[in-house]
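Coordinates from protein37.cif are shown below (mmCIF, C-alpha atoms).
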```cif
data_entry
#
loop_
_atom_site.group_PDB
_atom_site.id
_atom_site.type_symbol
_atom_site.label_atom_id
_atom_site.label_comp_id
_atom_site.auth_asym_id
_atom_site.auth_seq_id
_atom_site.Cartn_x
_atom_site.Cartn_y
_atom_site.Cartn_z
ATOM 1 C CA MET X 1287 211.952 -86.308 54.759
ATOM 2 C CA SER X 1288 210.422 -83.944 57.265
ATOM 3 C CA ILE X 1289 207.412 -84.241 59.576
ATOM 4 C CA LEU X 1290 205.286 -82.871 56.724
ATOM 5 C CA ASP X 1291 206.316 -85.267 53.990
ATOM 6 C CA SER X 1292 204.126 -88.139 55.107
ATOM 7 C CA ASP X 1293 200.788 -86.343 54.620
ATOM 8 C CA SER X 1294 198.745 -87.380 51.622
ATOM 9 C CA ILE X 1295 195.796 -84.918 51.730
ATOM 10 C CA PRO X 1296 196.747 -81.881 49.581
ATOM 11 C CA LEU X 1297 194.746 -79.119 51.324
ATOM 12 C CA SER X 1298 195.584 -80.245 54.813
ATOM 13 C CA TYR X 1299 199.186 -80.685 53.624
ATOM 14 C CA VAL X 1300 199.371 -77.090 52.367
ATOM 15 C CA LEU X 1301 197.804 -75.708 55.548
ATOM 16 C CA ARG X 1302 200.004 -77.823 57.784
ATOM 17 C CA ARG X 1303 203.052 -76.798 55.809
ATOM 18 C CA ALA X 1304 202.135 -73.111 56.093
ATOM 19 C CA ARG X 1305 201.528 -73.457 59.833
ATOM 20 C CA TYR X 1306 204.734 -75.424 60.344
ATOM 21 C CA TYR X 1307 206.894 -72.977 58.376
ATOM 22 C CA ILE X 1308 205.366 -69.973 60.163
ATOM 23 C CA SER X 1309 205.897 -71.565 63.573
ATOM 24 C CA LEU X 1310 209.419 -72.712 62.628
ATOM 25 C CA LEU X 1311 210.521 -69.173 61.813
ATOM 26 C CA LYS X 1312 208.190 -67.569 64.379
ATOM 27 C CA ALA X 1313 206.860 -65.447 61.524
ATOM 28 C CA GLY X 1314 203.257 -65.160 62.736
ATOM 29 C CA GLU X 1315 203.941 -61.853 64.409
ATOM 30 C CA ILE X 1316 205.483 -60.155 61.372
ATOM 31 C CA LEU X 1317 202.790 -61.470 59.024
ATOM 32 C CA ARG X 1318 200.096 -60.164 61.354
ATOM 33 C CA ARG X 1319 201.855 -56.797 61.475
ATOM 34 C CA TYR X 1320 202.045 -56.635 57.667
ATOM 35 C CA PHE X 1321 198.358 -57.463 57.420
ATOM 36 C CA ILE X 1322 197.156 -54.857 59.923
ATOM 37 C CA MET X 1323 199.450 -52.021 58.798
ATOM 38 C CA ASN X 1324 198.679 -52.439 55.130
ATOM 39 C CA MET X 1325 194.978 -53.019 55.559
ATOM 40 C CA PHE X 1326 194.937 -49.801 57.591
ATOM 41 C CA ASP X 1327 196.829 -48.006 54.770
ATOM 42 C CA GLY X 1328 194.329 -49.250 52.214
ATOM 43 C CA LEU X 1329 191.322 -48.256 54.309
ATOM 44 C CA LEU X 1330 192.601 -44.734 54.965
ATOM 45 C CA THR X 1331 193.533 -44.285 51.296
ATOM 46 C CA SER X 1332 190.022 -45.222 50.327
ATOM 47 C CA VAL X 1333 188.524 -42.828 52.923
ATOM 48 C CA GLY X 1334 190.827 -40.056 51.653
ATOM 49 C CA VAL X 1335 189.864 -40.624 48.010
ATOM 50 C CA VAL X 1336 186.129 -40.756 48.705
ATOM 51 C CA ILE X 1337 186.064 -37.676 50.944
ATOM 52 C CA GLY X 1338 188.473 -35.779 48.669
ATOM 53 C CA ALA X 1339 186.203 -36.483 45.704
ATOM 54 C CA ARG X 1340 183.142 -35.341 47.692
ATOM 55 C CA ILE X 1341 184.816 -32.076 48.749
ATOM 56 C CA SER X 1342 186.111 -31.294 45.266
ATOM 57 C CA GLY X 1343 182.659 -31.958 43.864
ATOM 58 C CA ALA X 1344 183.844 -34.857 41.706
ATOM 59 C CA LEU X 1345 181.804 -37.548 43.449
ATOM 60 C CA ASN X 1346 181.448 -39.558 40.273
ATOM 61 C CA PRO X 1347 181.424 -43.356 40.694
ATOM 62 C CA LYS X 1348 183.554 -43.776 37.556
ATOM 63 C CA VAL X 1349 186.204 -41.396 38.949
ATOM 64 C CA ILE X 1350 186.146 -42.989 42.415
ATOM 65 C CA VAL X 1351 186.259 -46.565 41.114
ATOM 66 C CA SER X 1352 189.138 -45.865 38.727
ATOM 67 C CA THR X 1353 191.066 -43.811 41.315
ATOM 68 C CA VAL X 1354 190.652 -46.448 44.039
ATOM 69 C CA LEU X 1355 191.441 -49.268 41.581
ATOM 70 C CA GLY X 1356 194.591 -47.474 40.443
ATOM 71 C CA ALA X 1357 195.676 -46.676 43.987
ATOM 72 C CA SER X 1358 194.966 -50.191 45.278
ATOM 73 C CA LEU X 1359 196.758 -51.854 42.370
ATOM 74 C CA ALA X 1360 199.770 -49.597 42.908
ATOM 75 C CA MET X 1361 199.732 -50.382 46.652
ATOM 76 C CA GLY X 1362 199.295 -54.090 45.932
ATOM 77 C CA ILE X 1363 202.176 -54.298 43.463
ATOM 78 C CA SER X 1364 204.506 -52.117 45.512
ATOM 79 C CA GLY X 1365 203.548 -54.092 48.627
ATOM 80 C CA PHE X 1366 204.339 -57.411 46.928
ATOM 81 C CA ALA X 1367 207.657 -56.333 45.454
ATOM 82 C CA GLY X 1368 208.777 -54.398 48.534
ATOM 83 C CA ALA X 1369 207.840 -57.051 51.076
ATOM 84 C CA PHE X 1370 209.196 -59.922 48.978
ATOM 85 C CA MET X 1371 212.585 -58.340 48.476
ATOM 86 C CA THR X 1372 212.887 -57.084 52.060
ATOM 87 C CA GLU X 1373 211.716 -60.321 53.666
ATOM 88 C CA ARG X 1374 213.827 -62.462 51.335
ATOM 89 C CA ALA X 1375 216.953 -60.458 52.128
ATOM 90 C CA GLU X 1376 216.260 -60.632 55.884
ATOM 91 C CA ARG X 1377 215.555 -64.373 55.784
ATOM 92 C CA ILE X 1378 218.663 -65.114 53.692
ATOM 93 C CA ARG X 1379 220.753 -63.190 56.227
ATOM 94 C CA GLU X 1380 219.234 -65.217 59.092
ATOM 95 C CA VAL X 1381 219.862 -68.527 57.296
ATOM 96 C CA LYS X 1382 223.479 -67.533 56.600
ATOM 97 C CA GLU X 1383 224.008 -66.640 60.263
ATOM 98 C CA LEU X 1384 222.524 -69.981 61.264
ATOM 99 C CA GLU X 1385 224.778 -71.784 58.768
ATOM 100 C CA ARG X 1386 227.795 -70.163 60.387
ATOM 101 C CA SER X 1387 226.627 -71.316 63.843
ATOM 102 C CA LEU X 1388 225.885 -74.863 62.676
ATOM 103 C CA PHE X 1389 228.968 -75.167 60.409
ATOM 104 C CA THR X 1390 226.800 -76.598 57.667
ATOM 105 C CA ASN X 1391 224.949 -75.748 54.495
ATOM 106 C CA LEU X 1392 221.192 -75.421 54.960
ATOM 107 C CA ASP X 1393 220.258 -75.092 51.257
ATOM 108 C CA ASN X 1394 218.171 -78.276 51.176
ATOM 109 C CA SER X 1395 216.774 -78.019 54.678
ATOM 110 C CA VAL X 1396 213.283 -77.078 55.833
ATOM 111 C CA ILE X 1397 214.781 -73.892 57.294
ATOM 112 C CA SER X 1398 215.657 -72.571 53.809
ATOM 113 C CA GLU X 1399 212.329 -73.769 52.419
ATOM 114 C CA ALA X 1400 210.474 -72.065 55.261
ATOM 115 C CA SER X 1401 212.431 -68.842 54.658
ATOM 116 C CA ARG X 1402 211.452 -68.761 50.982
ATOM 117 C CA TYR X 1403 207.860 -69.642 51.822
ATOM 118 C CA VAL X 1404 207.533 -66.989 54.535
ATOM 119 C CA ALA X 1405 209.044 -64.289 52.264
ATOM 120 C CA PHE X 1406 206.479 -65.172 49.588
ATOM 121 C CA LEU X 1407 203.622 -65.295 52.105
ATOM 122 C CA ALA X 1408 204.634 -61.900 53.534
ATOM 123 C CA ALA X 1409 204.635 -60.474 50.006
ATOM 124 C CA ILE X 1410 201.159 -61.891 49.304
ATOM 125 C CA ILE X 1411 199.801 -60.471 52.581
ATOM 126 C CA ASP X 1412 201.527 -57.155 51.990
ATOM 127 C CA SER X 1413 199.953 -56.883 48.560
ATOM 128 C CA LEU X 1414 196.484 -58.260 49.264
ATOM 129 C CA SER X 1415 195.754 -56.426 52.501
ATOM 130 C CA PRO X 1416 195.986 -52.843 51.131
ATOM 131 C CA LEU X 1417 194.221 -54.019 47.979
ATOM 132 C CA LEU X 1418 191.284 -55.368 49.990
ATOM 133 C CA GLY X 1419 191.452 -52.473 52.446
ATOM 134 C CA SER X 1420 190.846 -49.964 49.677
ATOM 135 C CA LEU X 1421 188.612 -52.050 47.393
ATOM 136 C CA ILE X 1422 186.051 -53.225 49.977
ATOM 137 C CA PRO X 1423 184.979 -49.706 51.084
ATOM 138 C CA SER X 1424 184.645 -48.662 47.451
ATOM 139 C CA LEU X 1425 182.310 -51.568 46.598
ATOM 140 C CA PRO X 1426 179.217 -49.308 46.931
ATOM 141 C CA PHE X 1427 180.637 -47.159 44.119
ATOM 142 C CA PHE X 1428 180.915 -50.267 41.928
ATOM 143 C CA LEU X 1429 177.219 -50.864 42.664
ATOM 144 C CA SER X 1430 176.516 -47.230 41.905
ATOM 145 C CA LEU X 1431 178.430 -47.544 38.626
ATOM 146 C CA MET X 1432 176.166 -50.452 37.695
ATOM 147 C CA GLY X 1433 173.167 -48.275 38.508
ATOM 148 C CA LEU X 1434 172.045 -50.373 41.473
ATOM 149 C CA ILE X 1435 172.289 -47.624 44.111
ATOM 150 C CA GLY X 1436 172.510 -43.830 44.078
ATOM 151 C CA VAL X 1437 175.750 -41.890 44.539
ATOM 152 C CA PRO X 1438 174.815 -40.333 47.950
ATOM 153 C CA LEU X 1439 173.968 -43.789 49.310
ATOM 154 C CA ALA X 1440 177.232 -45.196 47.878
ATOM 155 C CA PHE X 1441 179.159 -42.363 49.583
ATOM 156 C CA LEU X 1442 177.510 -43.064 52.938
ATOM 157 C CA ALA X 1443 177.826 -46.837 52.608
ATOM 158 C CA SER X 1444 181.490 -46.538 51.658
ATOM 159 C CA LEU X 1445 182.290 -44.516 54.772
ATOM 160 C CA ILE X 1446 180.251 -46.860 56.983
ATOM 161 C CA ILE X 1447 182.072 -49.926 55.561
ATOM 162 C CA ALA X 1448 185.463 -48.222 56.074
ATOM 163 C CA GLY X 1449 184.472 -47.296 59.655
ATOM 164 C CA CYS X 1450 183.340 -50.852 60.412
ATOM 165 C CA LEU X 1451 186.549 -52.328 58.975
ATOM 166 C CA LEU X 1452 188.649 -49.892 61.016
ATOM 167 C CA LEU X 1453 186.713 -50.885 64.138
ATOM 168 C CA GLY X 1454 187.203 -54.551 63.231
ATOM 169 C CA LEU X 1455 190.953 -54.072 62.796
ATOM 170 C CA GLY X 1456 191.067 -52.321 66.176
ATOM 171 C CA PHE X 1457 189.128 -55.169 67.814
ATOM 172 C CA TYR X 1458 191.557 -57.652 66.286
ATOM 173 C CA LEU X 1459 194.533 -55.663 67.615
ATOM 174 C CA GLY X 1460 192.902 -55.535 71.053
ATOM 175 C CA LYS X 1461 192.441 -59.301 70.905
ATOM 176 C CA VAL X 1462 196.093 -59.802 69.879
ATOM 177 C CA CYS X 1463 197.487 -57.772 72.769
ATOM 178 C CA GLY X 1464 194.865 -58.908 75.266
ATOM 179 C CA GLU X 1465 193.749 -55.365 76.071
ATOM 180 C CA SER X 1466 190.432 -53.611 75.567
ATOM 181 C CA LYS X 1467 189.093 -54.319 72.077
ATOM 182 C CA LEU X 1468 186.897 -51.245 72.319
ATOM 183 C CA LYS X 1469 189.895 -49.011 73.054
ATOM 184 C CA TYR X 1470 191.826 -50.227 70.017
ATOM 185 C CA GLY X 1471 188.693 -50.114 67.891
ATOM 186 C CA ALA X 1472 188.203 -46.497 68.950
ATOM 187 C CA TYR X 1473 191.862 -45.649 68.129
ATOM 188 C CA MET X 1474 191.503 -47.058 64.638
ATOM 189 C CA PHE X 1475 188.136 -45.419 64.084
ATOM 190 C CA LEU X 1476 189.468 -42.046 65.303
ATOM 191 C CA SER X 1477 192.413 -42.253 62.865
ATOM 192 C CA GLY X 1478 189.902 -42.724 60.045
ATOM 193 C CA LEU X 1479 187.917 -39.778 61.383
ATOM 194 C CA ALA X 1480 191.094 -37.672 61.579
ATOM 195 C CA VAL X 1481 191.835 -38.433 57.913
ATOM 196 C CA ALA X 1482 188.254 -37.503 56.991
ATOM 197 C CA ILE X 1483 188.461 -34.189 58.901
ATOM 198 C CA LEU X 1484 191.916 -33.304 57.507
ATOM 199 C CA VAL X 1485 190.916 -34.078 53.922
ATOM 200 C CA THR X 1486 187.731 -32.045 54.404
ATOM 201 C CA LEU X 1487 189.659 -29.063 55.806
ATOM 202 C CA ILE X 1488 192.413 -29.161 53.181
ATOM 203 C CA GLY X 1489 189.947 -29.794 50.363
ATOM 204 C CA GLY X 1490 187.748 -26.967 51.629
ATOM 205 C CA ALA X 1491 190.730 -24.586 51.882
ATOM 206 C CA ILE X 1492 191.836 -25.442 48.314
ATOM 207 C CA LYS X 1493 188.281 -25.006 47.034
ATOM 208 C CA TRP X 1494 187.820 -21.613 48.693
ATOM 209 C CA GLY X 1495 191.383 -20.533 47.819
ATOM 210 C CA GLY X 1496 190.776 -21.345 44.138
ATOM 211 C CA MET M 824 234.955 -119.504 63.315
ATOM 212 C CA GLY M 825 231.933 -120.380 61.161
ATOM 213 C CA ARG M 826 230.045 -117.852 59.013
ATOM 214 C CA LEU M 827 227.304 -115.902 60.803
ATOM 215 C CA ARG M 828 223.906 -116.119 59.176
ATOM 216 C CA GLY M 829 221.017 -113.672 59.442
ATOM 217 C CA GLU M 830 220.650 -109.921 59.130
ATOM 218 C CA VAL M 831 222.655 -107.617 61.413
ATOM 219 C CA ALA M 832 220.467 -104.706 62.400
ATOM 220 C CA ILE M 833 220.965 -101.537 64.431
ATOM 221 C CA THR M 834 218.621 -101.636 67.401
ATOM 222 C CA LYS M 835 219.830 -98.624 69.359
ATOM 223 C CA MET M 836 221.813 -95.478 68.569
ATOM 224 C CA ILE M 837 222.833 -92.482 70.598
ATOM 225 C CA ILE M 838 223.652 -89.486 68.426
ATOM 226 C CA ASP M 839 225.208 -86.185 69.464
ATOM 227 C CA ALA M 840 223.850 -83.419 67.214
ATOM 228 C CA LEU M 841 223.580 -79.673 66.813
ATOM 229 C CA LYS M 842 220.292 -78.132 65.740
ATOM 230 C CA PRO M 843 218.887 -74.639 65.177
ATOM 231 C CA ARG M 844 216.996 -73.373 68.222
ATOM 232 C CA GLU M 845 213.911 -72.733 66.089
ATOM 233 C CA LEU M 846 213.561 -76.409 65.265
ATOM 234 C CA SER M 847 211.269 -77.999 67.833
ATOM 235 C CA ILE M 848 212.504 -81.256 69.366
ATOM 236 C CA ILE M 849 208.893 -82.449 69.370
ATOM 237 C CA GLU M 850 208.677 -82.156 65.565
ATOM 238 C CA LEU M 851 212.159 -83.589 65.101
ATOM 239 C CA SER M 852 211.499 -86.578 67.345
ATOM 240 C CA LYS M 853 208.171 -87.297 65.610
ATOM 241 C CA THR M 854 209.850 -87.124 62.208
ATOM 242 C CA LEU M 855 212.673 -89.413 63.309
ATOM 243 C CA CYS M 856 210.163 -91.846 64.779
ATOM 244 C CA SER M 857 208.399 -92.056 61.412
ATOM 245 C CA GLY M 858 211.627 -93.399 59.891
ATOM 246 C CA ARG M 859 212.018 -97.034 58.821
ATOM 247 C CA GLY M 860 212.721 -99.458 61.654
ATOM 248 C CA VAL M 861 212.554 -96.828 64.397
ATOM 249 C CA GLN M 862 210.264 -97.612 67.291
ATOM 250 C CA SER M 863 211.102 -94.943 69.829
ATOM 251 C CA VAL M 864 213.027 -91.687 69.940
ATOM 252 C CA GLU M 865 214.269 -89.715 72.914
ATOM 253 C CA ILE M 866 215.801 -86.279 72.538
ATOM 254 C CA THR M 867 217.527 -84.474 75.386
ATOM 255 C CA VAL M 868 218.783 -80.905 75.106
ATOM 256 C CA VAL M 869 222.317 -80.931 76.459
ATOM 257 C CA GLU M 870 223.427 -77.369 75.827
ATOM 258 C CA VAL M 871 221.751 -74.162 74.709
ATOM 259 C CA ASP M 872 223.558 -71.451 72.711
ATOM 260 C CA ALA M 873 222.320 -68.223 71.173
ATOM 261 C CA LYS M 874 221.244 -69.800 67.893
ATOM 262 C CA THR M 875 221.811 -73.508 68.369
ATOM 263 C CA GLU M 876 221.152 -76.368 70.776
ATOM 264 C CA THR M 877 223.234 -79.476 71.336
ATOM 265 C CA ILE M 878 220.987 -82.509 71.573
ATOM 266 C CA LYS M 879 221.395 -86.164 72.476
ATOM 267 C CA VAL M 880 219.167 -88.321 70.303
ATOM 268 C CA THR M 881 218.461 -91.872 71.430
ATOM 269 C CA LEU M 882 216.838 -94.065 68.793
ATOM 270 C CA ARG M 883 215.517 -97.545 69.434
ATOM 271 C CA GLY M 884 214.038 -99.941 66.940
ATOM 272 C CA ASN M 885 214.236 -103.335 65.315
ATOM 273 C CA SER M 886 216.291 -102.219 62.318
ATOM 274 C CA ILE M 887 217.292 -98.556 62.279
ATOM 275 C CA ASP M 888 218.308 -97.204 58.871
ATOM 276 C CA TYR M 889 221.161 -94.840 59.724
ATOM 277 C CA SER M 890 221.314 -93.224 56.289
ATOM 278 C CA GLU M 891 217.634 -92.316 56.601
ATOM 279 C CA VAL M 892 218.201 -90.939 60.100
ATOM 280 C CA ALA M 893 221.101 -88.823 58.780
ATOM 281 C CA GLU M 894 218.941 -87.595 55.899
ATOM 282 C CA ILE M 895 216.066 -86.635 58.239
ATOM 283 C CA MET M 896 218.465 -84.785 60.514
ATOM 284 C CA SER M 897 220.073 -82.901 57.629
ATOM 285 C CA ARG M 898 216.713 -82.103 56.007
ATOM 286 C CA ASN M 899 215.585 -80.551 59.287
ATOM 287 C CA GLY M 900 218.737 -78.478 59.624
ATOM 288 C CA ALA M 901 220.361 -80.586 62.360
ATOM 289 C CA VAL M 902 224.008 -81.627 62.121
ATOM 290 C CA ILE M 903 225.239 -84.994 63.414
ATOM 291 C CA ARG M 904 228.490 -84.440 65.324
ATOM 292 C CA SER M 905 229.120 -87.963 66.472
ATOM 293 C CA ILE M 906 227.561 -91.342 67.085
ATOM 294 C CA ASP M 907 228.217 -91.952 70.761
ATOM 295 C CA GLU M 908 226.701 -95.372 71.141
ATOM 296 C CA VAL M 909 225.362 -98.067 68.863
ATOM 297 C CA THR M 910 223.772 -101.430 69.565
ATOM 298 C CA VAL M 911 223.400 -103.956 66.786
ATOM 299 C CA SER M 912 221.861 -107.386 66.861
ATOM 300 C CA ARG M 913 221.690 -110.347 64.552
ATOM 301 C CA LYS M 914 218.314 -111.952 64.062
ATOM 302 C CA GLY M 915 218.163 -114.917 66.393
ATOM 303 C CA GLY M 916 221.747 -114.357 67.425
ATOM 304 C CA GLU M 917 223.831 -112.676 70.072
ATOM 305 C CA VAL M 918 223.854 -108.916 70.681
ATOM 306 C CA LEU M 919 226.988 -106.908 69.958
ATOM 307 C CA LYS M 920 227.340 -103.553 71.754
ATOM 308 C CA VAL M 921 229.908 -100.938 70.786
ATOM 309 C CA GLU M 922 230.585 -97.837 72.900
ATOM 310 C CA GLU M 923 232.791 -94.840 72.077
#
```

What would the structure in this file look like if it were written as C-alpha cells?
Amino acid sequence: MSILDSDSIPLSYVLRRARYYISLLKAGEILRRYFIMNMFDGLLTSVGVVIGARISGALNPKVIVSTVLGASLAMGISGFAGAFMTERAERIREVKELERSLFTNLDNSVISEASRYVAFLAAIIDSLSPLLGSLIPSLPFFLSLMGLIGVPLAFLASLIIAGCLLLGLGFYLGKVCGESKLKYGAYMFLSGLAVAILVTLIGGAIKWGG
Amino acid sequence: MGRLRGEVAITKMIIDALKPRELSIIELSKTLCSGRGVQSVEITVVEVDAKTETIKVTLRGNSIDYSEVAEIMSRNGAVIRSIDEVTVSRKGGEVLKVEE
C-alpha cells in the first residue's frame, strides 16, 4: 500500500501517480529538458526541410509532407528507443545505489515503480516532442495537399507556425528560469532564423555550383 | 492467575527506520496514517546521510496492525531497523508497556 493506492477515480489516480512518481524521483527537470530540446530539434528540422525544398525548387506538398513525415517518424522512434534505454539504465543504477545504502531490495517498492514509470514517460516525451515539433509546422502542406490552400501560402504559414512555436518555447524557457521571456523567445527565434539563412546560403551555393 | 479475556491491541509504537532521502516524510506519514487502526503518526528525522535518512516513527491508534505498517514501510522503500517502544492494551483491561 502506498499513498496512491487508496484513490478510486481512475483519471485522477493516473495523474496523481504521475505527479507523485515525478516528484519522488525529482524527474520534472529532466522531462522538461527532453521536451524542450526535442521539440526544438523537430521545429528546426521542419524549417530546414521546408526552406531546403523551396531553394531547390522542389516545393511540392507531397514531397514536403512525405519528407517531414519520414523525418519526424525517424526522430520519434529513435527518441523513444534512445531515451527509454538511457533513462532505464540510469534509473536502474540509481535504484541499485540506493539498495546498497539501505541494505535492502527495492524491487517491489514505489521507488522501482517510479523509476520504470519515469523511464517510460521520458521515452514518450522524447518521441512525441520532435514528432509534434516537425509535424505541426508542416500542417499547412497537408492542407495544401488536400487542395485547401495554395503552396506559397502553405510555405509562408509553415514558417510562421514554426516561428511562433520557437517563440513559445523561448517564452516557456524564460518562465522556467524566471528571466526575460522575450529574451529567450528571441534566442529561439534567432536560432530558427539562423537555420533558415544557412539552408538558404548552402542551398543557393549548391544550386549555382550545379 | 485466571485467563485474561478481551483483545490485546497495540496502541503505540516507536519505530527506528531508514528511508531514501527522496521519499517525503509527509507522504509516508499520510500513508501510514491511512493504515488500519492507526490514528496518528509522527515522524522525526534523526540523521541525514547522502542518500538516506534515519527516522523515528511514532504511531498511535486503537489497534495498530504491525504487519500492515511493515508492508507500507517496505512498499515505500523504508527499512525498519528496530522497534524501540511498544504499548499494548487489552480492551477494558490494564495497559502493558514494554520498552527496549

Quiz item: What residues in chain X lie within 8 Å of chain M, counting all atoms listed in the file, written as a list in words?
Solution: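 Residues of chain X within 8 Å of chain M, counting all atoms listed in the file: Met1287, Ser1288, Ile1289, Leu1310, Leu1311, Lys1312, Leu1384, Ser1387, Leu1388, Thr1390, Leu1392, Asn1394, Ser1395, Val1396 and Ile1397 of chain X.
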
Quiz item: Counting only C-alpha atoms, what is within 10 Å of Ile1447 in chain X, bar same-chain residues fewer than 2 positions away, as a PyMOL selection string?
Solution: chain X and resi 1329+1333+1422-1426+1442-1445+1449-1453

Please save C-alpha atoms of the selected residues as a PDB file, in the frame of the given file.
```pdb
ATOM      1  CA  LEU X1329     191.322 -48.256  54.309  1.00  0.00           C
ATOM      2  CA  VAL X1333     188.524 -42.828  52.923  1.00  0.00           C
ATOM      3  CA  ILE X1422     186.051 -53.225  49.977  1.00  0.00           C
ATOM      4  CA  PRO X1423     184.979 -49.706  51.084  1.00  0.00           C
ATOM      5  CA  SER X1424     184.645 -48.662  47.451  1.00  0.00           C
ATOM      6  CA  LEU X1425     182.310 -51.568  46.598  1.00  0.00           C
ATOM      7  CA  PRO X1426     179.217 -49.308  46.931  1.00  0.00           C
ATOM      8  CA  LEU X1442     177.510 -43.064  52.938  1.00  0.00           C
ATOM      9  CA  ALA X1443     177.826 -46.837  52.608  1.00  0.00           C
ATOM     10  CA  SER X1444     181.490 -46.538  51.658  1.00  0.00           C
ATOM     11  CA  LEU X1445     182.290 -44.516  54.772  1.00  0.00           C
ATOM     12  CA  GLY X1449     184.472 -47.296  59.655  1.00  0.00           C
ATOM     13  CA  CYS X1450     183.340 -50.852  60.412  1.00  0.00           C
ATOM     14  CA  LEU X1451     186.549 -52.328  58.975  1.00  0.00           C
ATOM     15  CA  LEU X1452     188.649 -49.892  61.016  1.00  0.00           C
ATOM     16  CA  LEU X1453     186.713 -50.885  64.138  1.00  0.00           C
TER      17      LEU X1453
END
```

Exercise. Could you tell me which residues the PyMOL selection byres ((chain X and resi 1472-1486) around 7) grabs in this file, written as a list in words?
Key: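 Those residues are Leu1330, Val1333, Gly1334, Ile1337, Gly1338, Ile1341, Gly1449, Leu1452, Leu1453, Gly1456, Leu1468, Lys1469, Tyr1470, Gly1471, Leu1487, Ile1488, Gly1489 and Gly1490 of chain X.
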
Quiz prompt | Selection near range 1352-1360 of chain X, 10 Å with all atoms listed in the file, sequence-local residues under 6 positions removed, as a list in words | solution = Asp1327, Gly1328, Leu1329, Thr1331, Ser1332, Val1333, Gly1334, Val1335, Val1336, Ala1339, Phe1366, Ser1413, Leu1414, Ser1415, Pro1416, Leu1417, Leu1418, Gly1419, Ser1420, Leu1421, Pro1423, Ser1424 and Phe1428 of chain X

Quiz item: Just how far from CA of Lys879 in chain M is CA of Ile903 in chain M, in Å to one decimal?
Solution: 9.9 Å

Exercise. Can you pull out every residue within 7 Å of Asp1412 in chain X, counting all atoms listed in the file, but drop anything in the same chain fewer than 2 positions away, and send it as a VMD selection string?
Key: chain X and resid 1320 to 1321 1324 1365 to 1366 1369 1408 to 1410 1414 to 1415

Selected residues written out, C-alpha atoms, as a short mmCIF file (atom, residue, chain, number, x, y, z; two decimals), in the coordinates of the input:
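Once everything was written out, this is result.cif:
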```
data_model
loop_
_atom_site.label_atom_id
_atom_site.label_comp_id
_atom_site.auth_asym_id
_atom_site.auth_seq_id
_atom_site.Cartn_x
_atom_site.Cartn_y
_atom_site.Cartn_z
CA TYR X 1320 202.04 -56.64 57.67
CA PHE X 1321 198.36 -57.46 57.42
CA ASN X 1324 198.68 -52.44 55.13
CA GLY X 1365 203.55 -54.09 48.63
CA PHE X 1366 204.34 -57.41 46.93
CA ALA X 1369 207.84 -57.05 51.08
CA ALA X 1408 204.63 -61.90 53.53
CA ALA X 1409 204.64 -60.47 50.01
CA ILE X 1410 201.16 -61.89 49.30
CA LEU X 1414 196.48 -58.26 49.26
CA SER X 1415 195.75 -56.43 52.50
#
```

Exercise. Please measure the separation of CA of Ile838 in chain M and CA of Ser1309 in chain X, giving the value in Å to one decimal.
Key: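 Distance reported for this atom pair: 25.7 Å.
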
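What separates CA of Arg1386 in chain X from CA of Ala1304 in chain X is a distance of 26.2 Å.
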
Quiz item: X:Val1349, X:Tyr1307, X:Ser1298, X:Leu1434: which is nearest Arg1402 in chain X, counting all atoms listed in the file?
Solution: X:Tyr1307

Quiz item: Closest to Val831 in chain M among M:Arg913, M:Arg859, M:Arg883, M:Arg904, using only C-alpha atoms?
Solution: M:Arg913

Quiz item: Which residues fall under the PyMOL selection byres ((chain X and resi 1431) around 10) in this file, as a list in words?
Solution: Asn1346, Pro1347, Lys1348, Val1349, Ile1350, Val1351, Leu1425, Pro1426, Phe1427, Phe1428, Leu1429, Ser1430, Met1432, Gly1433, Leu1434, Ile1435, Gly1436, Val1437 and Ala1440 of chain X
